[in-house]
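Report on the structure given below.
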Amino acid sequence: MPAAEENQPPQGKPCATCCPACGKANQCAMALGKSPASCWCMTVSLHPALCAGLKVQFPVEACLCEDCLKTRTLTASP
Ligand SMILES: [Zn+2]
């Protein structure tokens, strides 16, 4: 039985539906072809400075998954 690598994006090829931090599905509505307004990220308030930091840390089109984003949001909070 092969290793469970089916969910891993190929090296060097960013996956729009995969979290760049953990590689799991980010459930991004836009990446799934749905309305951006229906995305879970619309319920998350992200500090502009944190958002800028994430773009530097993950210079890809893909969104982070909810778990990773919330983890970072909590970590960045005072
Ligand atoms: Zn993640």
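Ligands are numbered from 1 in the order shown, chains are lettered A, B, ... in the order of the structure tokens, and residues start at 1 in each chain.
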
Can you list every residue of chain A that has an atom at most 6 Å from ligand 1, with its nearest atom pair and the distance in Å to one decimal, using only C-alpha atoms and all ligand atoms, ordered by chain then number, as CSV?
residue,atom,partner,partner_atom_place_in_ligand_line,distance
A:Cys19,CA,ligand 1,1 (Zn),4.6
A:Ala21,CA,ligand 1,1 (Zn),5.0
A:Cys22,CA,ligand 1,1 (Zn),4.2
A:Lys24,CA,ligand 1,1 (Zn),5.7
A:Leu64,CA,ligand 1,1 (Zn),5.3
A:Cys65,CA,ligand 1,1 (Zn),4.2
A:Asp67,CA,ligand 1,1 (Zn),5.7
A:Cys68,CA,ligand 1,1 (Zn),4.3

How would the residues just chosen look if you wrote them out with N, CA and C atoms as a PDB file, in the first residue's frame?
ATOM      1  N   CYS A  19      -3.572  24.439   1.843  1.00  0.00           N
ATOM      2  CA  CYS A  19      -2.950  25.384   2.756  1.00  0.00           C
ATOM      3  C   CYS A  19      -1.431  25.348   2.568  1.00  0.00           C
ATOM      4  N   ALA A  21       0.775  26.265   4.503  1.00  0.00           N
ATOM      5  CA  ALA A  21       1.465  26.014   5.770  1.00  0.00           C
ATOM      6  C   ALA A  21       1.466  24.532   6.138  1.00  0.00           C
ATOM      7  N   CYS A  22       0.321  23.865   5.997  1.00  0.00           N
ATOM      8  CA  CYS A  22       0.230  22.468   6.436  1.00  0.00           C
ATOM      9  C   CYS A  22      -0.096  21.510   5.293  1.00  0.00           C
ATOM     10  N   LYS A  24      -2.960  20.850   3.961  1.00  0.00           N
ATOM     11  CA  LYS A  24      -4.325  20.333   3.970  1.00  0.00           C
ATOM     12  C   LYS A  24      -5.233  21.232   3.132  1.00  0.00           C
ATOM     13  N   LEU A  64      -4.420  30.194   3.507  1.00  0.00           N
ATOM     14  CA  LEU A  64      -4.176  29.263   4.591  1.00  0.00           C
ATOM     15  C   LEU A  64      -5.503  28.597   4.969  1.00  0.00           C
ATOM     16  N   CYS A  65      -5.408  27.435   5.600  1.00  0.00           N
ATOM     17  CA  CYS A  65      -6.621  26.784   6.070  1.00  0.00           C
ATOM     18  C   CYS A  65      -7.093  27.464   7.355  1.00  0.00           C
ATOM     19  N   ASP A  67      -7.593  26.332  10.332  1.00  0.00           N
ATOM     20  CA  ASP A  67      -6.820  25.998  11.529  1.00  0.00           C
ATOM     21  C   ASP A  67      -5.554  26.831  11.614  1.00  0.00           C
ATOM     22  N   CYS A  68      -4.804  26.881  10.508  1.00  0.00           N
ATOM     23  CA  CYS A  68      -3.534  27.604  10.510  1.00  0.00           C
ATOM     24  C   CYS A  68      -3.757  29.104  10.697  1.00  0.00           C
TER      25      CYS A  68
END

Residues within 12 Å of region 26-36 of chain A, only C-alpha atoms, excluding chain neighbours under 6 positions, as JSON, numbers by chain:
{"A": [7, 15, 16, 17, 18, 19, 20, 42, 43, 61, 62, 63, 64, 65, 66, 67, 68, 69]}

Just to be explicit: take each residue in the selection above, keep C-alpha atoms, and write the result as a PDB file, in the first residue's frame.
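Final output, saved to again22.pdb:
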ATOM      1  CA  ASN A   7      -3.112  15.167  -0.533  1.00  0.00           C
ATOM      2  CA  CYS A  15      -2.117  24.182  -4.998  1.00  0.00           C
ATOM      3  CA  ALA A  16      -4.830  26.861  -4.801  1.00  0.00           C
ATOM      4  CA  THR A  17      -6.993  24.623  -2.656  1.00  0.00           C
ATOM      5  CA  CYS A  18      -4.188  23.547  -0.306  1.00  0.00           C
ATOM      6  CA  CYS A  19      -2.950  25.384   2.756  1.00  0.00           C
ATOM      7  CA  PRO A  20       0.656  26.530   2.108  1.00  0.00           C
ATOM      8  CA  MET A  42     -15.158  36.180   5.663  1.00  0.00           C
ATOM      9  CA  THR A  43     -15.959  35.375   9.297  1.00  0.00           C
ATOM     10  CA  GLU A  61      -1.836  32.523  -4.277  1.00  0.00           C
ATOM     11  CA  ALA A  62      -3.311  29.896  -1.984  1.00  0.00           C
ATOM     12  CA  CYS A  63      -5.063  30.763   1.256  1.00  0.00           C
ATOM     13  CA  LEU A  64      -4.176  29.263   4.591  1.00  0.00           C
ATOM     14  CA  CYS A  65      -6.621  26.784   6.070  1.00  0.00           C
ATOM     15  CA  GLU A  66      -8.886  27.810   8.910  1.00  0.00           C
ATOM     16  CA  ASP A  67      -6.820  25.998  11.529  1.00  0.00           C
ATOM     17  CA  CYS A  68      -3.534  27.604  10.510  1.00  0.00           C
ATOM     18  CA  LEU A  69      -5.054  31.052  10.166  1.00  0.00           C
TER      19      LEU A  69
END
